[in-house]
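> Contents of input_0.tsv (TSV, all heavy atoms) are below:
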```tsv
chain	number	residue	atom	x	y	z
A	1	MET	N	82.40	110.04	69.98
A	1	MET	CA	82.80	109.94	71.34
A	1	MET	C	82.80	111.32	71.99
A	1	MET	O	83.13	112.31	71.36
A	1	MET	CB	84.22	109.36	71.42
A	1	MET	CG	84.21	107.99	72.03
A	1	MET	SD	85.67	106.98	71.83
A	1	MET	CE	86.96	107.83	72.60
A	2	ALA	N	82.45	111.35	73.25
A	2	ALA	CA	82.42	112.62	73.97
A	2	ALA	C	83.83	113.04	74.37
A	2	ALA	O	84.69	112.21	74.63
A	2	ALA	CB	81.54	112.49	75.20
A	3	ILE	N	84.04	114.32	74.42
A	3	ILE	CA	85.33	114.86	74.82
A	3	ILE	C	85.37	114.90	76.35
A	3	ILE	O	84.43	115.33	76.99
A	3	ILE	CB	85.54	116.27	74.23
A	3	ILE	CG1	85.56	116.19	72.70
A	3	ILE	CG2	86.81	116.89	74.76
A	3	ILE	CD1	85.62	117.53	72.04
A	4	SER	N	86.49	114.43	76.91
A	4	SER	CA	86.63	114.39	78.36
A	4	SER	C	86.82	115.81	78.89
A	4	SER	O	87.51	116.64	78.29
A	4	SER	CB	87.83	113.53	78.74
A	4	SER	OG	88.05	113.59	80.12
A	5	SER	N	86.20	116.08	80.03
A	5	SER	CA	86.34	117.40	80.64
A	5	SER	C	87.51	117.44	81.61
A	5	SER	O	87.74	118.45	82.26
A	5	SER	CB	85.04	117.77	81.37
A	5	SER	OG	84.80	116.83	82.40
A	6	ARG	N	88.24	116.36	81.75
A	6	ARG	CA	89.38	116.31	82.67
A	6	ARG	C	90.61	116.92	82.02
A	6	ARG	O	90.79	116.85	80.81
A	6	ARG	CB	89.65	114.88	83.08
A	6	ARG	CG	88.46	114.20	83.72
A	6	ARG	CD	88.92	113.04	84.54
A	6	ARG	NE	87.82	112.30	85.11
A	6	ARG	CZ	87.24	112.59	86.26
A	6	ARG	NH1	87.63	113.62	86.95
A	6	ARG	NH2	86.24	111.86	86.72
A	7	SER	N	91.48	117.47	82.85
A	7	SER	CA	92.71	118.03	82.32
A	7	SER	C	93.68	116.90	81.97
A	7	SER	O	93.51	115.76	82.38
A	7	SER	CB	93.36	118.95	83.36
A	7	SER	OG	93.85	118.20	84.45
A	8	ALA	N	94.69	117.21	81.21
A	8	ALA	CA	95.67	116.21	80.79
A	8	ALA	C	96.40	115.62	81.99
A	8	ALA	O	96.64	114.41	82.05
A	8	ALA	CB	96.65	116.83	79.81
A	9	ASN	N	96.77	116.46	82.96
A	9	ASN	CA	97.49	115.96	84.13
A	9	ASN	C	96.62	115.01	84.96
A	9	ASN	O	97.10	114.00	85.47
A	9	ASN	CB	97.96	117.11	85.01
A	9	ASN	CG	99.08	117.90	84.35
A	9	ASN	OD1	99.77	117.38	83.49
A	9	ASN	ND2	99.22	119.15	84.75
A	10	GLU	N	95.36	115.36	85.11
A	10	GLU	CA	94.46	114.51	85.88
A	10	GLU	C	94.25	113.17	85.16
A	10	GLU	O	94.24	112.11	85.79
A	10	GLU	CB	93.12	115.22	86.07
A	10	GLU	CG	92.21	114.52	87.04
A	10	GLU	CD	90.93	115.30	87.30
A	10	GLU	OE1	90.78	116.43	86.77
A	10	GLU	OE2	90.08	114.77	88.02
A	11	GLY	N	94.12	113.21	83.86
A	11	GLY	CA	93.98	111.98	83.08
A	11	GLY	C	95.22	111.11	83.17
A	11	GLY	O	95.13	109.89	83.26
A	12	ASP	N	96.41	111.73	83.15
A	12	ASP	CA	97.65	110.98	83.30
A	12	ASP	C	97.74	110.33	84.67
A	12	ASP	O	98.19	109.19	84.79
A	12	ASP	CB	98.86	111.89	83.08
A	12	ASP	CG	99.01	112.35	81.64
A	12	ASP	OD1	98.39	111.71	80.76
A	12	ASP	OD2	99.74	113.33	81.40
A	13	ALA	N	97.32	111.04	85.70
A	13	ALA	CA	97.36	110.49	87.06
A	13	ALA	C	96.41	109.31	87.19
A	13	ALA	O	96.75	108.27	87.78
A	13	ALA	CB	97.01	111.57	88.07
A	14	ILE	N	95.21	109.43	86.62
A	14	ILE	CA	94.24	108.34	86.67
A	14	ILE	C	94.79	107.13	85.90
A	14	ILE	O	94.67	105.99	86.36
A	14	ILE	CB	92.88	108.80	86.11
A	14	ILE	CG1	92.24	109.81	87.05
A	14	ILE	CG2	91.95	107.61	85.88
A	14	ILE	CD1	91.01	110.49	86.49
A	15	ASN	N	95.40	107.37	84.76
A	15	ASN	CA	95.97	106.29	83.97
A	15	ASN	C	97.07	105.57	84.74
A	15	ASN	O	97.15	104.34	84.72
A	15	ASN	CB	96.51	106.83	82.66
A	15	ASN	CG	96.96	105.72	81.74
A	15	ASN	OD1	96.32	104.68	81.67
A	15	ASN	ND2	98.06	105.93	81.04
A	16	ALA	N	97.93	106.29	85.44
A	16	ALA	CA	99.00	105.68	86.22
A	16	ALA	C	98.43	104.83	87.36
A	16	ALA	O	98.92	103.72	87.62
A	16	ALA	CB	99.93	106.76	86.78
A	17	ILE	N	97.40	105.32	88.01
A	17	ILE	CA	96.78	104.56	89.10
A	17	ILE	C	96.14	103.28	88.57
A	17	ILE	O	96.31	102.20	89.14
A	17	ILE	CB	95.75	105.43	89.84
A	17	ILE	CG1	96.47	106.52	90.63
A	17	ILE	CG2	94.88	104.59	90.76
A	17	ILE	CD1	95.55	107.58	91.20
A	18	LEU	N	95.41	103.38	87.48
A	18	LEU	CA	94.77	102.20	86.91
A	18	LEU	C	95.79	101.18	86.41
A	18	LEU	O	95.58	99.96	86.54
A	18	LEU	CB	93.82	102.60	85.78
A	18	LEU	CG	92.57	103.36	86.23
A	18	LEU	CD1	91.76	103.79	85.00
A	18	LEU	CD2	91.73	102.52	87.17
A	19	ALA	N	96.90	101.63	85.87
A	19	ALA	CA	97.96	100.72	85.44
A	19	ALA	C	98.56	99.99	86.64
A	19	ALA	O	98.81	98.78	86.59
A	19	ALA	CB	99.04	101.48	84.69
A	20	ALA	N	98.77	100.70	87.75
A	20	ALA	CA	99.30	100.08	88.95
A	20	ALA	C	98.31	99.08	89.54
A	20	ALA	O	98.70	98.00	89.99
A	20	ALA	CB	99.64	101.15	89.99
A	21	VAL	N	97.04	99.41	89.51
A	21	VAL	CA	96.01	98.49	90.01
A	21	VAL	C	96.00	97.22	89.17
A	21	VAL	O	95.95	96.10	89.71
A	21	VAL	CB	94.62	99.17	90.00
A	21	VAL	CG1	93.52	98.16	90.20
A	21	VAL	CG2	94.56	100.25	91.06
A	22	GLY	N	96.07	97.35	87.86
A	22	GLY	CA	96.10	96.18	86.99
A	22	GLY	C	97.31	95.32	87.23
A	22	GLY	O	97.22	94.09	87.26
A	23	TYR	N	98.46	95.93	87.42
A	23	TYR	CA	99.70	95.19	87.68
A	23	TYR	C	99.60	94.43	88.99
A	23	TYR	O	99.92	93.24	89.06
A	23	TYR	CB	100.88	96.16	87.72
A	23	TYR	CG	102.18	95.51	88.14
A	23	TYR	CD1	102.88	94.69	87.27
A	23	TYR	CD2	102.69	95.72	89.41
A	23	TYR	CE1	104.07	94.10	87.66
A	23	TYR	CE2	103.87	95.12	89.80
A	23	TYR	CZ	104.56	94.31	88.92
A	23	TYR	OH	105.73	93.72	89.32
A	24	ASN	N	99.14	95.09	90.03
A	24	ASN	CA	99.03	94.44	91.34
A	24	ASN	C	97.94	93.36	91.33
A	24	ASN	O	98.08	92.34	92.01
A	24	ASN	CB	98.75	95.47	92.43
A	24	ASN	CG	99.97	96.30	92.72
A	24	ASN	OD1	101.09	95.81	92.65
A	24	ASN	ND2	99.76	97.57	93.03
A	25	PHE	N	96.89	93.54	90.56
A	25	PHE	CA	95.84	92.54	90.46
A	25	PHE	C	96.38	91.27	89.80
A	25	PHE	O	96.09	90.17	90.25
A	25	PHE	CB	94.65	93.09	89.68
A	25	PHE	CG	93.47	92.18	89.69
A	25	PHE	CD1	92.72	91.99	90.84
A	25	PHE	CD2	93.09	91.50	88.54
A	25	PHE	CE1	91.62	91.14	90.85
A	25	PHE	CE2	92.00	90.65	88.55
A	25	PHE	CZ	91.27	90.48	89.70
A	26	ARG	N	97.21	91.43	88.78
A	26	ARG	CA	97.83	90.27	88.13
A	26	ARG	C	98.73	89.53	89.10
A	26	ARG	O	98.76	88.30	89.14
A	26	ARG	CB	98.64	90.69	86.91
A	26	ARG	CG	97.80	90.88	85.67
A	26	ARG	CD	98.69	91.11	84.49
A	26	ARG	NE	99.62	92.20	84.79
A	26	ARG	CZ	99.85	93.22	83.99
A	26	ARG	NH1	99.28	93.28	82.83
A	26	ARG	NH2	100.69	94.16	84.35
A	27	ARG	N	99.51	90.28	89.90
A	27	ARG	CA	100.38	89.65	90.90
A	27	ARG	C	99.56	88.90	91.94
A	27	ARG	O	99.93	87.80	92.37
A	27	ARG	CB	101.24	90.71	91.59
A	27	ARG	CG	102.33	91.27	90.68
A	27	ARG	CD	103.21	92.23	91.41
A	27	ARG	NE	103.93	91.53	92.46
A	27	ARG	CZ	104.61	92.11	93.42
A	27	ARG	NH1	104.66	93.42	93.48
A	27	ARG	NH2	105.25	91.41	94.32
A	28	LEU	N	98.45	89.48	92.38
A	28	LEU	CA	97.59	88.84	93.36
A	28	LEU	C	97.00	87.54	92.80
A	28	LEU	O	96.99	86.52	93.49
A	28	LEU	CB	96.46	89.79	93.78
A	28	LEU	CG	95.42	89.23	94.74
A	28	LEU	CD1	96.06	88.90	96.07
A	28	LEU	CD2	94.29	90.21	94.91
A	29	ILE	N	96.53	87.56	91.57
A	29	ILE	CA	95.97	86.37	90.94
A	29	ILE	C	97.05	85.28	90.83
A	29	ILE	O	96.79	84.11	91.10
A	29	ILE	CB	95.37	86.70	89.56
A	29	ILE	CG1	94.16	87.62	89.71
A	29	ILE	CG2	95.00	85.44	88.80
A	29	ILE	CD1	93.01	87.02	90.50
A	30	CYS	N	98.25	85.64	90.47
A	30	CYS	CA	99.35	84.68	90.37
A	30	CYS	C	99.65	84.08	91.75
A	30	CYS	O	99.82	82.86	91.87
A	30	CYS	CB	100.59	85.35	89.79
A	30	CYS	SG	101.96	84.22	89.54
A	31	TRP	N	99.69	84.90	92.77
A	31	TRP	CA	99.96	84.42	94.12
A	31	TRP	C	98.85	83.48	94.60
A	31	TRP	O	99.13	82.44	95.20
A	31	TRP	CB	100.09	85.62	95.07
A	31	TRP	CG	100.43	85.23	96.47
A	31	TRP	CD1	101.66	84.97	96.97
A	31	TRP	CD2	99.51	85.05	97.55
A	31	TRP	NE1	101.57	84.65	98.30
A	31	TRP	CE2	100.25	84.68	98.69
A	31	TRP	CE3	98.12	85.17	97.67
A	31	TRP	CZ2	99.65	84.43	99.91
A	31	TRP	CZ3	97.53	84.91	98.88
A	31	TRP	CH2	98.30	84.55	100.00
A	32	LEU	N	97.60	83.83	94.33
A	32	LEU	CA	96.48	82.97	94.72
A	32	LEU	C	96.52	81.65	93.97
A	32	LEU	O	96.16	80.60	94.54
A	32	LEU	CB	95.15	83.70	94.48
A	32	LEU	CG	94.84	84.84	95.44
A	32	LEU	CD1	93.58	85.58	94.99
A	32	LEU	CD2	94.69	84.34	96.86
A	33	ARG	N	96.92	81.67	92.72
A	33	ARG	CA	97.04	80.43	91.95
A	33	ARG	C	98.09	79.51	92.57
A	33	ARG	O	97.86	78.30	92.73
A	33	ARG	CB	97.41	80.74	90.51
A	33	ARG	CG	97.45	79.52	89.62
A	33	ARG	CD	97.82	79.87	88.18
A	33	ARG	NE	96.86	80.78	87.62
A	33	ARG	CZ	97.18	81.90	86.96
A	33	ARG	NH1	98.43	82.23	86.78
A	33	ARG	NH2	96.24	82.68	86.48
A	34	LEU	N	99.23	80.07	92.95
A	34	LEU	CA	100.27	79.26	93.60
A	34	LEU	C	99.80	78.71	94.94
A	34	LEU	O	100.06	77.56	95.27
A	34	LEU	CB	101.54	80.10	93.80
A	34	LEU	CG	102.31	80.47	92.54
A	34	LEU	CD1	103.42	81.45	92.87
A	34	LEU	CD2	102.85	79.24	91.88
A	35	LEU	N	99.11	79.53	95.70
A	35	LEU	CA	98.58	79.08	96.99
A	35	LEU	C	97.58	77.94	96.79
A	35	LEU	O	97.61	76.94	97.52
A	35	LEU	CB	97.92	80.24	97.73
A	35	LEU	CG	97.29	79.92	99.08
A	35	LEU	CD1	98.36	79.47	100.07
A	35	LEU	CD2	96.55	81.14	99.60
A	36	LEU	N	96.71	78.05	95.81
A	36	LEU	CA	95.73	77.00	95.53
A	36	LEU	C	96.43	75.70	95.17
A	36	LEU	O	96.05	74.63	95.65
A	36	LEU	CB	94.79	77.44	94.41
A	36	LEU	CG	93.75	76.41	93.99
A	36	LEU	CD1	92.81	76.09	95.14
A	36	LEU	CD2	92.98	76.93	92.79
A	37	TRP	N	97.48	75.78	94.34
A	37	TRP	CA	98.22	74.56	93.97
A	37	TRP	C	98.87	73.93	95.19
A	37	TRP	O	98.92	72.70	95.31
A	37	TRP	CB	99.26	74.86	92.90
A	37	TRP	CG	98.66	74.85	91.53
A	37	TRP	CD1	98.43	75.92	90.72
A	37	TRP	CD2	98.17	73.71	90.81
A	37	TRP	NE1	97.83	75.52	89.56
A	37	TRP	CE2	97.67	74.17	89.58
A	37	TRP	CE3	98.12	72.35	91.09
A	37	TRP	CZ2	97.12	73.31	88.64
A	37	TRP	CZ3	97.58	71.50	90.14
A	37	TRP	CH2	97.08	71.98	88.93
A	38	GLN	N	99.40	74.73	96.09
A	38	GLN	CA	100.00	74.18	97.31
A	38	GLN	C	98.96	73.50	98.19
A	38	GLN	O	99.20	72.44	98.76
A	38	GLN	CB	100.73	75.27	98.08
A	38	GLN	CG	102.00	75.71	97.42
A	38	GLN	CD	102.69	76.81	98.20
A	38	GLN	OE1	102.14	77.38	99.13
A	38	GLN	NE2	103.92	77.11	97.81
A	39	ILE	N	97.78	74.09	98.29
A	39	ILE	CA	96.71	73.48	99.08
A	39	ILE	C	96.28	72.17	98.45
A	39	ILE	O	96.11	71.16	99.15
A	39	ILE	CB	95.53	74.46	99.21
A	39	ILE	CG1	95.92	75.65	100.08
A	39	ILE	CG2	94.30	73.76	99.76
A	39	ILE	CD1	94.90	76.78	100.09
A	40	ILE	N	96.11	72.15	97.13
A	40	ILE	CA	95.71	70.92	96.45
A	40	ILE	C	96.78	69.85	96.62
A	40	ILE	O	96.46	68.69	96.88
A	40	ILE	CB	95.41	71.21	94.96
A	40	ILE	CG1	94.14	72.04	94.83
A	40	ILE	CG2	95.29	69.91	94.17
A	40	ILE	CD1	93.88	72.55	93.43
A	41	ALA	N	98.04	70.22	96.47
A	41	ALA	CA	99.13	69.25	96.63
A	41	ALA	C	99.17	68.69	98.04
A	41	ALA	O	99.40	67.49	98.24
A	41	ALA	CB	100.46	69.89	96.29
A	42	THR	N	98.92	69.52	99.03
A	42	THR	CA	98.91	69.06	100.42
A	42	THR	C	97.74	68.11	100.67
A	42	THR	O	97.90	67.08	101.33
A	42	THR	CB	98.82	70.26	101.38
A	42	THR	OG1	99.94	71.12	101.13
A	42	THR	CG2	98.83	69.81	102.82
A	43	LEU	N	96.59	68.43	100.14
A	43	LEU	CA	95.42	67.58	100.34
A	43	LEU	C	95.53	66.26	99.56
A	43	LEU	O	94.92	65.26	99.96
A	43	LEU	CB	94.15	68.32	99.93
A	43	LEU	CG	93.75	69.50	100.82
A	43	LEU	CD1	92.56	70.23	100.23
A	43	LEU	CD2	93.48	69.05	102.24
A	44	ALA	N	96.27	66.25	98.48
A	44	ALA	CA	96.39	65.06	97.64
A	44	ALA	C	97.43	64.07	98.18
A	44	ALA	O	97.48	62.94	97.70
A	44	ALA	CB	96.74	65.47	96.21
A	45	LYS	N	98.25	64.47	99.14
A	45	LYS	CA	99.26	63.57	99.67
A	45	LYS	C	98.57	62.45	100.45
A	45	LYS	O	97.62	62.68	101.19
A	45	LYS	CB	100.20	64.32	100.63
A	45	LYS	CG	101.17	65.22	99.96
A	45	LYS	CD	102.08	65.84	101.00
A	45	LYS	CE	103.02	66.84	100.35
A	45	LYS	NZ	103.86	67.50	101.35
A	46	PRO	N	99.08	61.22	100.29
A	46	PRO	CA	98.52	60.12	101.06
A	46	PRO	C	98.88	60.27	102.55
A	46	PRO	O	99.98	60.70	102.89
A	46	PRO	CB	99.17	58.87	100.46
A	46	PRO	CG	100.39	59.36	99.77
A	46	PRO	CD	100.12	60.78	99.39
A	47	ARG	N	97.94	59.95	103.39
A	47	ARG	CA	98.14	60.06	104.83
A	47	ARG	C	98.62	58.73	105.38
A	47	ARG	O	98.10	57.67	105.01
A	47	ARG	CB	96.88	60.51	105.52
A	47	ARG	CG	96.47	61.89	105.10
A	47	ARG	CD	95.25	62.34	105.84
A	47	ARG	NE	94.86	63.66	105.34
A	47	ARG	CZ	93.71	64.20	105.58
A	47	ARG	NH1	92.82	63.58	106.31
A	47	ARG	NH2	93.42	65.38	105.08
A	48	VAL	N	99.57	58.77	106.28
A	48	VAL	CA	100.09	57.57	106.91
A	48	VAL	C	99.55	57.51	108.32
A	48	VAL	O	99.69	58.45	109.10
A	48	VAL	CB	101.64	57.59	106.91
A	48	VAL	CG1	102.17	56.35	107.61
A	48	VAL	CG2	102.18	57.72	105.51
A	49	ASN	N	98.93	56.39	108.65
A	49	ASN	CA	98.40	56.21	109.99
A	49	ASN	C	99.44	55.53	110.87
A	49	ASN	O	99.81	54.39	110.61
A	49	ASN	CB	97.13	55.34	109.97
A	49	ASN	CG	95.97	56.07	109.33
A	49	ASN	OD1	95.90	57.28	109.39
A	49	ASN	ND2	95.07	55.31	108.73
A	50	PRO	N	99.95	56.21	111.88
A	50	PRO	CA	100.94	55.59	112.77
A	50	PRO	C	100.25	54.61	113.73
A	50	PRO	O	99.77	54.99	114.76
A	50	PRO	CB	101.57	56.75	113.50
A	50	PRO	CG	100.52	57.80	113.49
A	50	PRO	CD	99.70	57.58	112.24
A	51	ALA	N	100.21	53.36	113.34
A	51	ALA	CA	99.52	52.37	114.18
A	51	ALA	C	100.47	51.34	114.74
A	51	ALA	O	101.51	51.07	114.35
A	51	ALA	CB	98.44	51.67	113.39
```
Give the structure from the file, written as structure tokens.


Amino acid sequence: MAISSRSANEGDAINAILAAVGYNFRRLICWLRLLLWQIIATLAKPRVNPA
């Protein structure tokens, strides 16, 4: 493996940013999953025709 030319502080900063991105991406996927279930549940409800 090649040795990184980045300093330790720069590598730590990049690691912290990537960890935050991964955390927020998981939260976004969870939120989208819940939204999709709500949309499916709304579309699956039987409609009543007021006649």

> Atom CG of A:Leu36 and atom ND2 of A:Asn49 are how many Å apart?

25.8 Å

> Quick check for you: according to DSSP on this backbone, which residues of chain A are classed as helix (DSSP H, G or I)? Reply as an MDAnalysis selection string.

chainID A and resid 8:44

> Suppose you want the space between atom CA of A:Gly11 and atom CA of A:Ile29; what is it in Å?

26.9 Å

> Please, what distance in Å, to one decimal, runs between atom C of A:Phe25 and atom CD1 of A:Trp37?

15.5 Å

> Return as lines of an AutoDock Vina configuration file the centre and edge lengths, in Å with one decimal, of the box along x, y and z that encloses every atom of stretch 20-39 of chain A in the file, padded by 5 Å per side.


```
center_x = 98.5
center_y = 86.2
center_z = 91.5
size_x = 24.5
size_y = 40.0
size_z = 27.3
```
